[in-house]
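Student: Here you go, one structure.
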Amino acid sequence: MPTLKKAVTAACLNLPVRETLIAASEIGAEGVQFDVRTELRPSDLSHTGRRQFLKFLSEMNLEVPSLRFSSRRAFYNANDLERRIAATKAAMDFTYQLGAKILTLRIGRIPTDAESPDYLILREVLNGIARYGNHVGVAAAITPSGDNPADLARLLGDITEGPLGLDFDPAGFLMSGHDPVPMLRELHQWIFHVQARDGLQDASGSGLEVELGRGEIDWLEFVATLDEIAYRGWLIVTRTQGEDRAGDAERALKYLRNIDAPQ
């Protein structure tokens, strides 16, 4: 079973860009994912700045596996939609310039009615983004927002003008009542990107994020299933809660290396 490359989100480290790269290298990450709206904006780096960034990235033996575009509004919300689409395309250009091939997106909750105006707008917008991604060599991967797997599959199947995949968040599936391992198999053809995040279901049904390895996900089975479905992308360690996110990320990387050691 080949080992998977493992990265960490910059948000776990909560440091300026250069210090983020140093810290990521020190805790054993092979890459860092940045948010292009809040952590590493295209406007932050001139042409020379991008060369310097990539040089330092290489010196730290790191890669940018993907970038993340966080939007406050759904991709069918008409308010500033054209600006949001333009910003997404600019983020795809930036992703390519940094040597990555995946941009993850939160698109809002998928409308359950495939004939609704919101769903039709979303389908049109995502086909346009997929078409642009095909042109620049970057694929978008959508991060679910508690969506039903059937709704995800229907939407992904409706995107035909270029690549559009899934940013698979096992904790998100778990906390919305779905076992992540069967979901890997069910959605395998669309999985472009995988988060390493753990969670627990609580009495309210909403769930709680916890340190990786301390939740309900069977990571040994999860990683074995990634191999079964021939996933060869990255595992992105993500921690959005907790008081020691950097420490949690370091422990998560070590935990995953132990599980994913060459056999």
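All residue names refer to the structure tokens as shown: chains lettered A, B, ... in order, residues numbered from 1 in each chain, ligands numbered from 1 in order.
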Env of range 222-233 of chain A: 7 Å cut, atoms = only C-alpha atoms, seq-sep filter 3 positions within chain, self excluded. Answer as a list in words.

Tutor: Met1, Leu4, Val181, Arg185, His188, Phe192, His193, Asp218 and Trp219 of chain A

Student: Please, could you write that set of residues out with all heavy atoms as an mmCIF file, in the first residue's frame?

Tutor:
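Output saved as selection_29.cif:
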```cif
data_model
loop_
_atom_site.group_PDB
_atom_site.id
_atom_site.type_symbol
_atom_site.label_atom_id
_atom_site.label_comp_id
_atom_site.auth_asym_id
_atom_site.auth_seq_id
_atom_site.Cartn_x
_atom_site.Cartn_y
_atom_site.Cartn_z
ATOM 1 N N MET A 1 0.849 -1.198 0.000
ATOM 2 C CA MET A 1 0.000 0.000 0.000
ATOM 3 C C MET A 1 0.886 1.251 0.000
ATOM 4 O O MET A 1 1.663 1.464 0.925
ATOM 5 C CB MET A 1 -0.900 0.001 1.241
ATOM 6 C CG MET A 1 -1.846 1.175 1.314
ATOM 7 S SD MET A 1 -3.061 1.020 2.664
ATOM 8 C CE MET A 1 -2.031 1.334 4.093
ATOM 9 N N LEU A 4 0.471 7.976 1.554
ATOM 10 C CA LEU A 4 -0.114 9.221 1.064
ATOM 11 C C LEU A 4 0.657 10.400 1.635
ATOM 12 O O LEU A 4 1.083 10.370 2.792
ATOM 13 C CB LEU A 4 -1.580 9.314 1.491
ATOM 14 C CG LEU A 4 -2.504 8.216 0.966
ATOM 15 C CD1 LEU A 4 -3.866 8.298 1.658
ATOM 16 C CD2 LEU A 4 -2.672 8.318 -0.547
ATOM 17 N N VAL A 181 -16.648 5.574 5.983
ATOM 18 C CA VAL A 181 -16.049 4.533 5.145
ATOM 19 C C VAL A 181 -16.976 4.110 4.004
ATOM 20 O O VAL A 181 -16.556 4.093 2.833
ATOM 21 C CB VAL A 181 -15.594 3.336 6.001
ATOM 22 C CG1 VAL A 181 -15.192 2.153 5.123
ATOM 23 C CG2 VAL A 181 -14.404 3.752 6.881
ATOM 24 N N ARG A 185 -16.601 4.717 -0.443
ATOM 25 C CA ARG A 185 -16.878 3.788 -1.555
ATOM 26 C C ARG A 185 -17.983 4.335 -2.456
ATOM 27 O O ARG A 185 -17.897 4.249 -3.684
ATOM 28 C CB ARG A 185 -17.268 2.423 -0.994
ATOM 29 C CG ARG A 185 -16.142 1.744 -0.215
ATOM 30 C CD ARG A 185 -16.478 0.299 0.109
ATOM 31 N NE ARG A 185 -15.400 -0.354 0.834
ATOM 32 C CZ ARG A 185 -15.387 -0.553 2.146
ATOM 33 N NH1 ARG A 185 -16.431 -0.153 2.882
ATOM 34 N NH2 ARG A 185 -14.376 -1.153 2.730
ATOM 35 N N HIS A 188 -16.594 7.439 -4.454
ATOM 36 C CA HIS A 188 -15.169 7.335 -4.786
ATOM 37 C C HIS A 188 -14.787 8.009 -6.103
ATOM 38 O O HIS A 188 -13.714 8.582 -6.223
ATOM 39 C CB HIS A 188 -14.743 5.855 -4.819
ATOM 40 C CG HIS A 188 -15.282 5.096 -5.991
ATOM 41 N ND1 HIS A 188 -16.526 4.510 -5.995
ATOM 42 C CD2 HIS A 188 -14.740 4.839 -7.212
ATOM 43 C CE1 HIS A 188 -16.728 3.912 -7.150
ATOM 44 N NE2 HIS A 188 -15.675 4.106 -7.909
ATOM 45 N N PHE A 192 -11.474 14.002 -4.928
ATOM 46 C CA PHE A 192 -10.250 14.628 -5.416
ATOM 47 C C PHE A 192 -9.311 15.017 -4.271
ATOM 48 O O PHE A 192 -8.130 15.258 -4.506
ATOM 49 C CB PHE A 192 -10.585 15.909 -6.189
ATOM 50 C CG PHE A 192 -11.230 15.703 -7.538
ATOM 51 C CD1 PHE A 192 -11.581 14.452 -8.009
ATOM 52 C CD2 PHE A 192 -11.479 16.806 -8.350
ATOM 53 C CE1 PHE A 192 -12.178 14.283 -9.249
ATOM 54 C CE2 PHE A 192 -12.076 16.660 -9.595
ATOM 55 C CZ PHE A 192 -12.425 15.403 -10.049
ATOM 56 N N HIS A 193 -9.840 15.092 -3.060
ATOM 57 C CA HIS A 193 -9.108 15.735 -1.961
ATOM 58 C C HIS A 193 -9.705 15.204 -0.659
ATOM 59 O O HIS A 193 -10.911 14.993 -0.577
ATOM 60 C CB HIS A 193 -9.346 17.250 -2.078
ATOM 61 C CG HIS A 193 -8.484 18.112 -1.239
ATOM 62 N ND1 HIS A 193 -8.883 18.602 -0.007
ATOM 63 C CD2 HIS A 193 -7.255 18.642 -1.457
ATOM 64 C CE1 HIS A 193 -7.935 19.378 0.485
ATOM 65 N NE2 HIS A 193 -6.933 19.418 -0.368
ATOM 66 N N ASP A 218 -12.625 5.114 12.411
ATOM 67 C CA ASP A 218 -11.610 4.066 12.423
ATOM 68 C C ASP A 218 -10.596 4.423 11.334
ATOM 69 O O ASP A 218 -10.797 4.133 10.155
ATOM 70 C CB ASP A 218 -12.263 2.710 12.149
ATOM 71 C CG ASP A 218 -11.279 1.546 12.215
ATOM 72 O OD1 ASP A 218 -10.067 1.775 12.000
ATOM 73 O OD2 ASP A 218 -11.720 0.413 12.465
ATOM 74 N N TRP A 219 -9.485 5.058 11.732
ATOM 75 C CA TRP A 219 -8.540 5.577 10.741
ATOM 76 C C TRP A 219 -7.787 4.475 10.022
ATOM 77 O O TRP A 219 -7.406 4.643 8.851
ATOM 78 C CB TRP A 219 -7.595 6.580 11.398
ATOM 79 C CG TRP A 219 -8.320 7.855 11.676
ATOM 80 C CD1 TRP A 219 -8.908 8.248 12.850
ATOM 81 C CD2 TRP A 219 -8.622 8.879 10.725
ATOM 82 N NE1 TRP A 219 -9.548 9.458 12.689
ATOM 83 C CE2 TRP A 219 -9.383 9.866 11.397
ATOM 84 C CE3 TRP A 219 -8.332 9.061 9.380
ATOM 85 C CZ2 TRP A 219 -9.843 11.017 10.755
ATOM 86 C CZ3 TRP A 219 -8.787 10.208 8.742
ATOM 87 C CH2 TRP A 219 -9.532 11.169 9.430
#
```

Student: Would you list, as JSON, numbers by chain, the residues of range 22-216 of chain A that end up in strand (DSSP E) under DSSP run on this structure's backbone?

Tutor: {"A": [31, 32, 33, 34, 35, 67, 68, 69, 102, 103, 104, 105, 139, 140, 141, 142, 164, 165, 166, 167, 168, 191, 192, 193, 194, 195, 196, 198, 199, 200, 208, 209, 210]}

Student: How about saving the chosen residues, N, CA and C atoms kept, as a CSV table (one decimal), in the first residue's frame?

Tutor:
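For reference, selection-v2.csv as written:
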```
chain,number,residue,atom,x,y,z
A,31,GLY,N,3.3,19.4,3.3
A,31,GLY,CA,2.7,20.4,2.5
A,31,GLY,C,1.8,21.3,3.5
A,32,VAL,N,1.4,22.5,2.9
A,32,VAL,CA,0.6,23.4,3.7
A,32,VAL,C,-0.5,23.9,2.8
A,33,GLN,N,-1.8,23.8,3.3
A,33,GLN,CA,-2.9,24.4,2.5
A,33,GLN,C,-3.3,25.8,3.1
A,34,PHE,N,-3.4,26.8,2.2
A,34,PHE,CA,-3.7,28.1,2.7
A,34,PHE,C,-5.1,28.5,2.1
A,35,ASP,N,-5.8,29.4,2.8
A,35,ASP,CA,-7.0,30.0,2.4
A,35,ASP,C,-6.6,31.3,1.6
A,67,LEU,N,-5.2,24.9,-2.5
A,67,LEU,CA,-5.6,26.1,-1.8
A,67,LEU,C,-7.1,26.0,-1.5
A,68,ARG,N,-7.6,26.9,-0.6
A,68,ARG,CA,-9.0,26.9,-0.2
A,68,ARG,C,-9.6,28.2,-0.5
A,69,PHE,N,-10.8,28.3,-1.0
A,69,PHE,CA,-11.5,29.5,-1.2
A,69,PHE,C,-12.7,29.5,-0.3
A,102,ILE,N,-5.6,21.6,-7.1
A,102,ILE,CA,-6.9,21.5,-6.5
A,102,ILE,C,-7.2,22.8,-5.7
A,103,LEU,N,-8.4,23.3,-6.0
A,103,LEU,CA,-8.9,24.4,-5.2
A,103,LEU,C,-10.2,23.9,-4.5
A,104,THR,N,-10.2,24.0,-3.1
A,104,THR,CA,-11.4,23.5,-2.4
A,104,THR,C,-12.4,24.7,-2.2
A,105,LEU,N,-13.6,24.4,-2.3
A,105,LEU,CA,-14.7,25.4,-2.3
A,105,LEU,C,-15.8,25.0,-1.3
A,139,ALA,N,-8.5,21.8,-10.7
A,139,ALA,CA,-9.9,21.2,-10.5
A,139,ALA,C,-10.4,21.8,-9.2
A,140,ALA,N,-11.7,22.1,-9.2
A,140,ALA,CA,-12.4,22.5,-7.9
A,140,ALA,C,-12.9,21.3,-7.2
A,141,ALA,N,-12.8,21.3,-5.9
A,141,ALA,CA,-13.3,20.2,-5.1
A,141,ALA,C,-14.2,20.8,-4.0
A,142,ILE,N,-15.5,20.5,-4.0
A,142,ILE,CA,-16.4,21.1,-3.1
A,142,ILE,C,-16.4,20.4,-1.7
A,164,LEU,N,-14.9,18.5,-11.6
A,164,LEU,CA,-15.4,19.0,-10.3
A,164,LEU,C,-15.5,17.8,-9.4
A,165,GLY,N,-14.9,17.9,-8.3
A,165,GLY,CA,-14.8,16.7,-7.4
A,165,GLY,C,-15.3,17.1,-6.0
A,166,LEU,N,-14.9,16.2,-5.1
A,166,LEU,CA,-15.3,16.3,-3.7
A,166,LEU,C,-14.1,16.5,-2.8
A,167,ASP,N,-14.2,17.4,-1.9
A,167,ASP,CA,-13.2,17.5,-0.8
A,167,ASP,C,-13.8,16.7,0.4
A,168,PHE,N,-13.4,15.5,0.5
A,168,PHE,CA,-14.0,14.6,1.4
A,168,PHE,C,-13.6,14.9,2.9
A,191,ILE,N,-13.9,11.8,-5.6
A,191,ILE,CA,-13.0,12.2,-4.5
A,191,ILE,C,-11.7,12.7,-5.0
A,192,PHE,N,-11.5,14.0,-4.9
A,192,PHE,CA,-10.2,14.6,-5.4
A,192,PHE,C,-9.3,15.0,-4.3
A,193,HIS,N,-9.8,15.1,-3.1
A,193,HIS,CA,-9.1,15.7,-2.0
A,193,HIS,C,-9.7,15.2,-0.7
A,194,VAL,N,-8.9,14.9,0.3
A,194,VAL,CA,-9.4,14.3,1.6
A,194,VAL,C,-8.8,15.1,2.8
A,195,GLN,N,-9.7,15.5,3.7
A,195,GLN,CA,-9.3,16.1,4.9
A,195,GLN,C,-9.1,15.0,6.0
A,196,ALA,N,-8.2,15.2,6.9
A,196,ALA,CA,-8.0,14.3,8.0
A,196,ALA,C,-8.5,15.0,9.3
A,198,ASP,N,-11.3,14.5,12.7
A,198,ASP,CA,-12.1,13.5,13.5
A,198,ASP,C,-13.2,14.1,14.2
A,199,GLY,N,-14.1,13.3,14.7
A,199,GLY,CA,-15.3,13.8,15.4
A,199,GLY,C,-16.0,12.8,16.2
A,200,LEU,N,-17.0,13.3,16.9
A,200,LEU,CA,-17.9,12.4,17.7
A,200,LEU,C,-19.3,12.9,17.4
A,208,LEU,N,-19.3,16.8,17.3
A,208,LEU,CA,-18.3,17.6,17.9
A,208,LEU,C,-16.9,17.2,17.3
A,209,GLU,N,-16.2,18.1,16.8
A,209,GLU,CA,-14.8,17.8,16.3
A,209,GLU,C,-13.9,17.6,17.5
A,210,VAL,N,-13.0,16.5,17.4
A,210,VAL,CA,-12.1,16.2,18.4
A,210,VAL,C,-10.7,15.9,17.7
```

Student: Name the residues in contact with Asp244 in chain A at a cut-off of 12 Å, using only C-alpha atoms, excluding same-chain residues fewer than 2 positions from it; report them as a ChimeraX atom specification.

Tutor: /A:11-14,210-211,239-242,246-251

Student: Any chance you could export the current selection's C-alpha atoms as a compact mmCIF listing (two decimals), in the first residue's frame?

Tutor:
```
# COMPACT_ATOMS: atom_id res chain seq x y z
CA ALA A 11 -5.15 27.76 10.14
CA CYS A 12 -3.91 25.05 12.53
CA LEU A 13 -0.65 26.96 13.00
CA ASN A 14 -2.04 30.51 13.06
CA VAL A 210 -12.06 16.19 18.40
CA GLU A 211 -8.35 15.52 18.09
CA ARG A 239 -8.34 21.23 13.16
CA THR A 240 -10.97 23.95 13.51
CA GLN A 241 -11.55 23.70 17.27
CA GLY A 242 -9.49 23.11 20.39
CA ALA A 246 -0.76 23.22 16.36
CA GLY A 247 -0.04 20.47 18.89
CA ASP A 248 -3.09 18.53 17.74
CA ALA A 249 -1.91 18.84 14.13
CA GLU A 250 1.57 17.55 15.00
CA ARG A 251 0.10 14.58 16.86
```

Student: Could you pull out the residues in range 43-93 of chain A that DSSP calls helix (DSSP H, G or I) from the backbone, as an mmCIF file with all heavy atoms, in the first residue's frame?

Tutor:
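Output (selection-v8.cif):
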```cif
data_model
loop_
_atom_site.group_PDB
_atom_site.id
_atom_site.type_symbol
_atom_site.label_atom_id
_atom_site.label_comp_id
_atom_site.auth_asym_id
_atom_site.auth_seq_id
_atom_site.Cartn_x
_atom_site.Cartn_y
_atom_site.Cartn_z
ATOM 1 N N SER A 43 -3.066 38.944 -4.147
ATOM 2 C CA SER A 43 -2.532 40.310 -4.097
ATOM 3 C C SER A 43 -1.370 40.460 -3.126
ATOM 4 O O SER A 43 -0.643 41.455 -3.160
ATOM 5 C CB SER A 43 -3.646 41.293 -3.713
ATOM 6 O OG SER A 43 -4.180 40.966 -2.439
ATOM 7 N N ASP A 44 -1.168 39.474 -2.246
ATOM 8 C CA ASP A 44 -0.071 39.534 -1.278
ATOM 9 C C ASP A 44 1.281 39.267 -1.919
ATOM 10 O O ASP A 44 2.322 39.620 -1.347
ATOM 11 C CB ASP A 44 -0.280 38.510 -0.155
ATOM 12 C CG ASP A 44 -1.442 38.856 0.764
ATOM 13 O OD1 ASP A 44 -1.850 40.029 0.778
ATOM 14 O OD2 ASP A 44 -1.945 37.945 1.455
ATOM 15 N N HIS A 47 4.890 39.066 -8.707
ATOM 16 C CA HIS A 47 5.525 37.997 -9.493
ATOM 17 C C HIS A 47 6.827 37.554 -8.823
ATOM 18 O O HIS A 47 7.094 36.351 -8.681
ATOM 19 C CB HIS A 47 5.794 38.494 -10.913
ATOM 20 C CG HIS A 47 6.403 37.461 -11.801
ATOM 21 N ND1 HIS A 47 5.714 36.356 -12.249
ATOM 22 C CD2 HIS A 47 7.665 37.349 -12.309
ATOM 23 C CE1 HIS A 47 6.507 35.610 -12.996
ATOM 24 N NE2 HIS A 47 7.696 36.194 -13.049
ATOM 25 N N THR A 48 7.612 38.535 -8.376
ATOM 26 C CA THR A 48 8.859 38.219 -7.674
ATOM 27 C C THR A 48 8.560 37.528 -6.342
ATOM 28 O O THR A 48 9.235 36.569 -5.955
ATOM 29 C CB THR A 48 9.677 39.495 -7.424
ATOM 30 O OG1 THR A 48 9.989 40.095 -8.689
ATOM 31 C CG2 THR A 48 10.966 39.198 -6.675
ATOM 32 N N GLY A 49 7.538 38.021 -5.642
ATOM 33 C CA GLY A 49 7.159 37.435 -4.365
ATOM 34 C C GLY A 49 6.756 35.983 -4.501
ATOM 35 O O GLY A 49 7.057 35.158 -3.616
ATOM 36 N N ARG A 50 6.112 35.638 -5.591
ATOM 37 C CA ARG A 50 5.711 34.246 -5.803
ATOM 38 C C ARG A 50 6.931 33.357 -6.025
ATOM 39 O O ARG A 50 6.992 32.238 -5.507
ATOM 40 C CB ARG A 50 4.736 34.152 -6.974
ATOM 41 C CG ARG A 50 3.399 34.783 -6.654
ATOM 42 C CD ARG A 50 2.427 34.785 -7.808
ATOM 43 N NE ARG A 50 1.319 35.689 -7.484
ATOM 44 C CZ ARG A 50 0.264 35.873 -8.230
ATOM 45 N NH1 ARG A 50 0.126 35.221 -9.371
ATOM 46 N NH2 ARG A 50 -0.696 36.711 -7.860
ATOM 47 N N ARG A 51 7.907 33.863 -6.769
ATOM 48 C CA ARG A 51 9.139 33.105 -6.964
ATOM 49 C C ARG A 51 9.853 32.877 -5.639
ATOM 50 O O ARG A 51 10.334 31.785 -5.353
ATOM 51 C CB ARG A 51 10.074 33.835 -7.938
ATOM 52 C CG ARG A 51 9.634 33.787 -9.396
ATOM 53 C CD ARG A 51 10.824 33.943 -10.337
ATOM 54 N NE ARG A 51 11.731 35.010 -9.903
ATOM 55 C CZ ARG A 51 11.639 36.286 -10.278
ATOM 56 N NH1 ARG A 51 10.653 36.646 -11.093
ATOM 57 N NH2 ARG A 51 12.498 37.183 -9.866
ATOM 58 N N GLN A 52 9.895 33.924 -4.814
ATOM 59 C CA GLN A 52 10.556 33.806 -3.513
ATOM 60 C C GLN A 52 9.800 32.841 -2.605
ATOM 61 O O GLN A 52 10.410 32.046 -1.881
ATOM 62 C CB GLN A 52 10.662 35.186 -2.859
ATOM 63 C CG GLN A 52 11.613 36.125 -3.584
ATOM 64 C CD GLN A 52 11.564 37.543 -3.043
ATOM 65 O OE1 GLN A 52 10.583 37.950 -2.393
ATOM 66 N NE2 GLN A 52 12.607 38.311 -3.307
ATOM 67 N N PHE A 53 8.478 32.909 -2.648
ATOM 68 C CA PHE A 53 7.662 31.986 -1.857
ATOM 69 C C PHE A 53 7.939 30.540 -2.263
ATOM 70 O O PHE A 53 8.153 29.671 -1.405
ATOM 71 C CB PHE A 53 6.179 32.312 -2.036
ATOM 72 C CG PHE A 53 5.239 31.326 -1.404
ATOM 73 C CD1 PHE A 53 4.910 31.412 -0.062
ATOM 74 C CD2 PHE A 53 4.695 30.286 -2.149
ATOM 75 C CE1 PHE A 53 4.047 30.488 0.536
ATOM 76 C CE2 PHE A 53 3.840 29.364 -1.571
ATOM 77 C CZ PHE A 53 3.518 29.471 -0.227
ATOM 78 N N LEU A 54 7.938 30.275 -3.566
ATOM 79 C CA LEU A 54 8.153 28.916 -4.048
ATOM 80 C C LEU A 54 9.567 28.429 -3.727
ATOM 81 O O LEU A 54 9.772 27.245 -3.426
ATOM 82 C CB LEU A 54 7.877 28.844 -5.547
ATOM 83 C CG LEU A 54 6.407 29.015 -5.950
ATOM 84 C CD1 LEU A 54 6.268 29.146 -7.457
ATOM 85 C CD2 LEU A 54 5.569 27.845 -5.449
ATOM 86 N N LYS A 55 10.538 29.342 -3.774
ATOM 87 C CA LYS A 55 11.916 28.974 -3.434
ATOM 88 C C LYS A 55 12.004 28.573 -1.961
ATOM 89 O O LYS A 55 12.602 27.545 -1.624
ATOM 90 C CB LYS A 55 12.860 30.140 -3.733
ATOM 91 C CG LYS A 55 14.327 29.869 -3.431
ATOM 92 C CD LYS A 55 15.185 31.051 -3.868
ATOM 93 C CE LYS A 55 16.678 30.751 -3.644
ATOM 94 N NZ LYS A 55 17.024 30.599 -2.227
ATOM 95 N N PHE A 56 11.386 29.373 -1.084
ATOM 96 C CA PHE A 56 11.440 29.055 0.337
ATOM 97 C C PHE A 56 10.650 27.779 0.640
ATOM 98 O O PHE A 56 11.055 26.968 1.472
ATOM 99 C CB PHE A 56 10.908 30.225 1.166
ATOM 100 C CG PHE A 56 11.132 30.069 2.646
ATOM 101 C CD1 PHE A 56 12.410 30.027 3.168
ATOM 102 C CD2 PHE A 56 10.065 29.945 3.523
ATOM 103 C CE1 PHE A 56 12.629 29.876 4.525
ATOM 104 C CE2 PHE A 56 10.269 29.791 4.882
ATOM 105 C CZ PHE A 56 11.562 29.754 5.386
ATOM 106 N N LEU A 57 9.545 27.603 -0.058
ATOM 107 C CA LEU A 57 8.749 26.379 0.079
ATOM 108 C C LEU A 57 9.619 25.154 -0.219
ATOM 109 O O LEU A 57 9.619 24.169 0.526
ATOM 110 C CB LEU A 57 7.563 26.447 -0.882
ATOM 111 C CG LEU A 57 6.462 25.407 -0.745
ATOM 112 C CD1 LEU A 57 5.585 25.706 0.462
ATOM 113 C CD2 LEU A 57 5.596 25.403 -2.015
ATOM 114 N N SER A 58 10.384 25.240 -1.316
ATOM 115 C CA SER A 58 11.262 24.138 -1.694
ATOM 116 C C SER A 58 12.359 23.924 -0.656
ATOM 117 O O SER A 58 12.702 22.776 -0.327
ATOM 118 C CB SER A 58 11.878 24.431 -3.067
ATOM 119 O OG SER A 58 12.790 23.425 -3.438
ATOM 120 N N GLU A 59 12.899 25.007 -0.121
ATOM 121 C CA GLU A 59 13.946 24.898 0.896
ATOM 122 C C GLU A 59 13.429 24.196 2.153
ATOM 123 O O GLU A 59 14.188 23.509 2.851
ATOM 124 C CB GLU A 59 14.477 26.283 1.262
ATOM 125 C CG GLU A 59 15.301 26.927 0.151
ATOM 126 C CD GLU A 59 15.630 28.385 0.445
ATOM 127 O OE1 GLU A 59 15.167 28.917 1.483
ATOM 128 O OE2 GLU A 59 16.344 28.996 -0.381
ATOM 129 N N LEU A 81 -22.828 37.603 -6.915
ATOM 130 C CA LEU A 81 -22.475 36.295 -7.455
ATOM 131 C C LEU A 81 -21.391 36.399 -8.526
ATOM 132 O O LEU A 81 -20.438 35.605 -8.530
ATOM 133 C CB LEU A 81 -23.716 35.601 -8.023
ATOM 134 C CG LEU A 81 -23.495 34.194 -8.604
ATOM 135 C CD1 LEU A 81 -22.876 33.268 -7.569
ATOM 136 C CD2 LEU A 81 -24.809 33.613 -9.123
ATOM 137 N N GLU A 82 -21.506 37.376 -9.433
ATOM 138 C CA GLU A 82 -20.507 37.502 -10.499
ATOM 139 C C GLU A 82 -19.131 37.800 -9.923
ATOM 140 O O GLU A 82 -18.115 37.277 -10.394
ATOM 141 C CB GLU A 82 -20.929 38.591 -11.492
ATOM 142 C CG GLU A 82 -22.132 38.223 -12.339
ATOM 143 C CD GLU A 82 -21.928 36.926 -13.126
ATOM 144 O OE1 GLU A 82 -20.811 36.731 -13.657
ATOM 145 O OE2 GLU A 82 -22.868 36.124 -13.207
ATOM 146 N N ARG A 83 -19.092 38.622 -8.881
ATOM 147 C CA ARG A 83 -17.810 38.919 -8.241
ATOM 148 C C ARG A 83 -17.243 37.665 -7.580
ATOM 149 O O ARG A 83 -16.039 37.415 -7.612
ATOM 150 C CB ARG A 83 -17.986 40.024 -7.203
ATOM 151 C CG ARG A 83 -16.669 40.478 -6.578
ATOM 152 C CD ARG A 83 -16.898 41.455 -5.451
ATOM 153 N NE ARG A 83 -17.636 42.640 -5.887
ATOM 154 C CZ ARG A 83 -18.012 43.614 -5.072
ATOM 155 N NH1 ARG A 83 -17.743 43.530 -3.769
ATOM 156 N NH2 ARG A 83 -18.664 44.660 -5.531
ATOM 157 N N ARG A 84 -18.115 36.855 -6.982
ATOM 158 C CA ARG A 84 -17.686 35.630 -6.335
ATOM 159 C C ARG A 84 -17.124 34.636 -7.365
ATOM 160 O O ARG A 84 -16.117 33.968 -7.112
ATOM 161 C CB ARG A 84 -18.875 35.021 -5.580
ATOM 162 C CG ARG A 84 -18.522 34.047 -4.517
ATOM 163 C CD ARG A 84 -19.528 34.061 -3.368
ATOM 164 N NE ARG A 84 -20.892 33.786 -3.745
ATOM 165 C CZ ARG A 84 -21.863 34.706 -3.791
ATOM 166 N NH1 ARG A 84 -21.611 35.965 -3.501
ATOM 167 N NH2 ARG A 84 -23.092 34.378 -4.133
ATOM 168 N N ILE A 85 -17.769 34.560 -8.514
ATOM 169 C CA ILE A 85 -17.279 33.682 -9.576
ATOM 170 C C ILE A 85 -15.921 34.159 -10.072
ATOM 171 O O ILE A 85 -14.992 33.356 -10.265
ATOM 172 C CB ILE A 85 -18.297 33.617 -10.730
ATOM 173 C CG1 ILE A 85 -19.581 32.924 -10.270
ATOM 174 C CG2 ILE A 85 -17.700 32.888 -11.931
ATOM 175 C CD1 ILE A 85 -20.734 33.047 -11.249
ATOM 176 N N ALA A 86 -15.779 35.474 -10.279
ATOM 177 C CA ALA A 86 -14.507 36.023 -10.742
ATOM 178 C C ALA A 86 -13.391 35.763 -9.729
ATOM 179 O O ALA A 86 -12.259 35.424 -10.098
ATOM 180 C CB ALA A 86 -14.649 37.519 -11.002
ATOM 181 N N ALA A 87 -13.713 35.908 -8.439
ATOM 182 C CA ALA A 87 -12.716 35.660 -7.398
ATOM 183 C C ALA A 87 -12.314 34.185 -7.364
ATOM 184 O O ALA A 87 -11.145 33.853 -7.124
ATOM 185 C CB ALA A 87 -13.263 36.094 -6.040
ATOM 186 N N THR A 88 -13.269 33.299 -7.613
ATOM 187 C CA THR A 88 -12.964 31.869 -7.657
ATOM 188 C C THR A 88 -12.025 31.558 -8.808
ATOM 189 O O THR A 88 -11.044 30.808 -8.655
ATOM 190 C CB THR A 88 -14.258 31.048 -7.802
ATOM 191 O OG1 THR A 88 -15.139 31.355 -6.716
ATOM 192 C CG2 THR A 88 -13.969 29.559 -7.813
ATOM 193 N N LYS A 89 -12.281 32.150 -9.959
ATOM 194 C CA LYS A 89 -11.415 31.918 -11.119
ATOM 195 C C LYS A 89 -10.013 32.476 -10.865
ATOM 196 O O LYS A 89 -9.003 31.845 -11.235
ATOM 197 C CB LYS A 89 -12.048 32.526 -12.365
ATOM 198 C CG LYS A 89 -13.301 31.789 -12.816
ATOM 199 C CD LYS A 89 -13.932 32.446 -14.038
ATOM 200 C CE LYS A 89 -15.158 31.659 -14.502
ATOM 201 N NZ LYS A 89 -15.819 32.309 -15.684
ATOM 202 N N ALA A 90 -9.926 33.650 -10.221
ATOM 203 C CA ALA A 90 -8.618 34.207 -9.876
ATOM 204 C C ALA A 90 -7.885 33.291 -8.904
ATOM 205 O O ALA A 90 -6.664 33.108 -8.991
ATOM 206 C CB ALA A 90 -8.789 35.604 -9.279
ATOM 207 N N ALA A 91 -8.633 32.688 -7.980
ATOM 208 C CA ALA A 91 -8.031 31.749 -7.033
ATOM 209 C C ALA A 91 -7.529 30.501 -7.753
ATOM 210 O O ALA A 91 -6.498 29.924 -7.374
ATOM 211 C CB ALA A 91 -9.047 31.366 -5.963
ATOM 212 N N MET A 92 -8.211 30.084 -8.805
ATOM 213 C CA MET A 92 -7.752 28.935 -9.592
ATOM 214 C C MET A 92 -6.453 29.269 -10.318
ATOM 215 O O MET A 92 -5.520 28.441 -10.370
ATOM 216 C CB MET A 92 -8.838 28.494 -10.571
ATOM 217 C CG MET A 92 -10.101 27.987 -9.888
ATOM 218 S SD MET A 92 -11.425 27.528 -11.028
ATOM 219 C CE MET A 92 -11.204 25.761 -11.107
ATOM 220 N N ASP A 93 -6.364 30.479 -10.851
ATOM 221 C CA ASP A 93 -5.116 30.918 -11.486
ATOM 222 C C ASP A 93 -3.973 30.884 -10.482
ATOM 223 O O ASP A 93 -2.871 30.406 -10.776
ATOM 224 C CB ASP A 93 -5.268 32.348 -12.028
ATOM 225 C CG ASP A 93 -6.226 32.447 -13.201
ATOM 226 O OD1 ASP A 93 -6.434 31.440 -13.901
ATOM 227 O OD2 ASP A 93 -6.771 33.543 -13.414
#
```

Student: Pick the closest to Val8 in chain A from A:Pro170, A:Ala261, A:Tyr132, A:Arg197: which is it, counting only C-alpha atoms?

Tutor: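 Comparing A:Pro170, A:Ala261, A:Tyr132, A:Arg197 against Val8 in chain A, the winner is A:Arg197.
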